[in-house]
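Just below is one structure, and these are the notes that go with it.
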Amino acid sequence: MLRVAKRVLHGLVLLFGVSVLTFALLSAAPGNLFDELRLNPQISPETVTALKAEYGVDRPWLTRYAYWTSSAVRGDFGYSLSYRCAVGKLLWPRVRNTLLLTVLATLLSWMIAIPWGIFEAMRRGQWIDRLGGGITATLLAIPELVLGLLLLLLAARTGWFPAGGMLSTNAGDATVVRNAWDLVRHLMLPVVALALGSAPLLIRYVRSAIASAMDMPFVEIARGHGISSWRIVFRHALPAAANSLISLFGFSIGTLLSASLLIEIILSWPGLGPLVLEAMLARDTYVVMAVVMLSSVFLILGNALADVLLYWSDPRIRAV
Amino acid sequence: MITDPRPTKPDSQPLLRVRNLFLAYAKRRAFAAESIATHALRGVSFELREGETLALVGPSGSGKSSLARCLVRLETPSSGQIFLEGNDLCRMDAIALSSARKEIHLIFQDAASALNPRFTVEEIVGEPLVIHEPTMGHGERKRRVSDALKQVELALGWHSRRPRELSGGQRQRVAIARALVLQPKLLILDEALSSLDLSAQSQIANLFFDLQERQGLAYLYITHDLGMAKAVAGEIAVLEAGRLVPQALPTELIASNLQPVS
């Protein structure tokens with residue numbers, strides 16, 4: 001119980017640190033939304049000054065930070081100057097869309113990486129391992145941007161998949177089943193793009209972890225006892241490699257909100273990606289701030305989940 | 001104290017007969033078409049009879065551990081034959097090899113790394129039974145595990161412990177119990193005493209002698225320590241650069257001042 005309390009406190013301190021640092025950096029960045037208004041000859045400097053006072057932009061950053069903190073606690077995360085509404089209202093539907101995409105992509109990546117990595121580790125040095133290594137190296141060398149554009153080109157040329165968005169324009173008139181299928185079709189390209197981007201690294205990690213575990217003396221002894229390769233993998237090597245894989249899984253949970261930003265922009269997925277891009281271009285500080293904070297929360301939750309899984313899977317950790 | 005070395009039994013049939021064993025590791029250089037072979041064993045031949053101990057001494061890199069790994073078929077020899085009770089391990093199919101593996105076990109130097117840290121002592125010792133005696137009931141398996149642990153003088157309370165809760169000597173006893181649970185005929189002890197302190201060394205060595213006395217086990221004791229080899233073995237063979245120097249009695253060997261490099 002004390003350990004849980006310590007972790008929660010540690011997480012809160014971390015969030016506080018991230019919020020202070022992010023807020024300070026965003027405040028120190030030159031320019032804001034009102035600088036653009038100043039360039040408009042139709043808006044008088046007095047109007048701009050009055051607007052700045054209305055939205056509290058002219059106040060010291062510590063005051064603004066205190067305002068933002070109390071707003072974040074309420075779930076509003078400040079006020080968006082470009083959308084003219086509470087950031088929370090903007091954020092939650094986008095977070096839901098992003099999570100739908102990234103959770104599916106993360107699951108798909110791991111579902112590919114674990115069997116592929118194990119298969120390669122069991123055939124270390126053989127042609128199939130070298131072929132797998134070549135495929136993953138090639139995929140790693142392709143930037144996510146190029147991957148997204150290639151898939152977009154595929155969709156545009158073949159018409160097999162919708163070339164962007166989350167639902168078709170006529171989705172509202174269709175039945176629930178047709179809408180669900182429409183959503184699945186729209187999900188395919190971004191999920192595949194994200195999985196192709198992250199799976200190669202995971203495959204290499206799983207292969208390396210299992211291969212190292214297979215070289216451990218207790219695994220060699222098990223082989224010497226005539227234990228079958230599959231039992232060796234699932235009873236000895238996979239549990240031995242599990243700790244590093246669970247930590248990596250926790251990290252991939254932590255990046256759920258930030259991993260898909262680029263792909264969302266390329267494939268017009270109505271998630272956090274386009275929102276963050278627009279907010280950064282418009283210097284909409286509180287939106288950027290909210291996304292950074294949510295990403296930090298996910299990172300902390302991902303690490304906490306990894307710790308719980310490690311505690312559950314490793315009897316040595318339970319014994320400490 | 002370590003007791004006298006075992007006497008030899010020249011009239012008994014060989015349990016293990018190794019004939020002209022070669023092992024080469026092929027290493028492919030980057031961007032090179034041809035691979036280079038590193039020869040770990042070059043025509044090793046020897047025999048070991050039931051109830052005997054043969055010590056194999058040699059400096060690091062002489063091929064001792066490679067030989068041990070070949071004998072339990074963790075490595076496939078490039079050529080040569082390994083006969084266990086007259087059957088060539090190198091020519092066996094998977095089923096026959098699995099059956100033969102009941103008779104021959106390897107015990108490593110570092111018992112800490114040779115035991116799965118996630119398993120309990122009972123799981124570690126019982127696993128060979130799960131593989132080789134799949135029809136055995138849980139109760140019978142538990143009894144066999146208890147018997148094996150008793151043989152190595154570990155009491156009942158150790159069943160549920162994990163390797164990290166044991167001392168070095170206790171871990172080595174668990175490793176021995178795991179080897180004994182299938183009632184093998186030959187144990188290959190790869191520096192099995194080297195990582196233990198003097199007291200644990202003599203206790204484990206005496207345990208090996210007792211087991212040999214009671215069960216007629218044969219040992220291939222691999223070490224770089226000539227003194228220890230002399231203490232535990234009736235015969236000593238020296239392995240140098242993958243080649244075996246002809247077998248000799250310990251006294252002759254020491255007299256010839258042939259000291260392996262550790």
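Labels for the structure tokens follow display order: chains A, B, ..., residues from 1 in each chain, ligands from 1.
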
* To do: Using only C-alpha atoms, find the residues of chain B whose closest atom to chain A is at most 8 Å away, then write them as a PyMOL selection string.
  => chain B and resi 72-74+97-98+101-102+105-106+113-118+128+131

Hey, can you spit out that residue selection with C-alpha atoms as a compact mmCIF listing (two decimals), in the first residue's frame?
```txt
# COMPACT_ATOMS: atom_id res chain seq x y z
CA VAL B 72 24.69 -34.16 -24.33
CA ARG B 73 24.09 -33.15 -27.96
CA LEU B 74 23.80 -29.43 -27.27
CA LEU B 97 17.88 -39.20 -28.50
CA SER B 98 15.24 -37.98 -26.08
CA ARG B 101 19.09 -38.13 -22.62
CA LYS B 102 17.60 -39.77 -19.54
CA HIS B 105 23.19 -35.21 -17.69
CA LEU B 106 25.33 -32.12 -17.64
CA SER B 113 22.47 -19.43 -13.78
CA ALA B 114 21.72 -23.09 -14.47
CA LEU B 115 18.46 -22.98 -12.50
CA ASN B 116 15.44 -21.11 -13.82
CA PRO B 117 15.07 -18.23 -11.33
CA ARG B 118 11.27 -18.20 -11.73
CA PRO B 128 12.72 -33.72 -16.44
CA ILE B 131 9.18 -34.44 -20.16
```

* Got a sec: who's within 9 Å of Leu187 in chain B, counting only C-alpha atoms, leaving out chain neighbours fewer than 2 positions off, as a VMD selection string? -> chain B and resid 103 to 107 176 179 to 180 184 to 185 189 217 to 221

* To do: May I ask for the distance between CA of Ile253 in chain A and CA of Leu104 in chain A, given in Å to one decimal place?
  => 11.5 Å

* Asked: Within 10 Å of Val57 in chain A, counting only C-alpha atoms, which residues qualify if same-chain residues fewer than 6 places away don't, as a PyMOL selection string?
  -> chain A and resi 27+32-34+49+51+63-64

Print the selection's residues with C-alpha atoms to a file, as a PDB file, in the first residue's frame.
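Full text of result-v9.pdb as output:
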```
ATOM      1  CA  SER A  27       5.264  31.294 -22.387  1.00  0.00           C
ATOM      2  CA  ASN A  32       1.141  34.747 -29.549  1.00  0.00           C
ATOM      3  CA  LEU A  33      -2.271  34.683 -31.188  1.00  0.00           C
ATOM      4  CA  PHE A  34      -2.710  38.476 -30.671  1.00  0.00           C
ATOM      5  CA  THR A  49      -4.990  45.264 -25.798  1.00  0.00           C
ATOM      6  CA  LEU A  51      -8.731  41.304 -25.894  1.00  0.00           C
ATOM      7  CA  THR A  63      -0.863  33.925 -12.468  1.00  0.00           C
ATOM      8  CA  ARG A  64      -1.716  32.306 -15.806  1.00  0.00           C
TER       9      ARG A  64
END
```

* **Backbone-only DSSP, strand (DSSP E) members of range 95-201 of chain B, as a PyMOL selection string** => chain B and resi 104-107+186-190

Take the residues just selected and output them with C-alpha atoms as a compact mmCIF listing (two decimals), in the first residue's frame.
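Result file is out.txt:
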```
# COMPACT_ATOMS: atom_id res chain seq x y z
CA ILE B 104 23.32 -38.60 -19.38
CA HIS B 105 23.19 -35.21 -17.69
CA LEU B 106 25.33 -32.12 -17.64
CA ILE B 107 25.93 -30.08 -14.49
CA LEU B 186 26.47 -40.71 -16.41
CA LEU B 187 26.91 -37.18 -15.07
CA ILE B 188 29.11 -34.67 -16.84
CA LEU B 189 30.38 -32.23 -14.26
CA ASP B 190 31.57 -29.13 -16.08
```

* In Å, how far is it from CA of Gly242 in chain B to CA of Gly63 in chain B? ->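 Distance between the two atoms: 5.1 Å.
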
* Compile the contact shell of range 238-240 of chain B as a list in words: residues with an atom at most 7 Å away, counting only C-alpha atoms, same-chain residues fewer than 5 positions apart removed. =>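 Close residues of range 238-240 of chain B: Leu56, Val57, Gly58, Ser62, Lys64 and Val245 of chain B.
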
Written selection (C-alpha atoms) as a PDB file, in the first residue's frame:
```pdb
ATOM      1  CA  LEU B  56      39.288 -34.060 -18.107  1.00  0.00           C
ATOM      2  CA  VAL B  57      41.712 -31.224 -17.481  1.00  0.00           C
ATOM      3  CA  GLY B  58      42.949 -28.518 -19.765  1.00  0.00           C
ATOM      4  CA  SER B  62      41.111 -26.223 -24.920  1.00  0.00           C
ATOM      5  CA  LYS B  64      36.557 -29.090 -22.545  1.00  0.00           C
ATOM      6  CA  VAL B 245      46.784 -36.221 -24.447  1.00  0.00           C
TER       7      VAL B 245
END
```
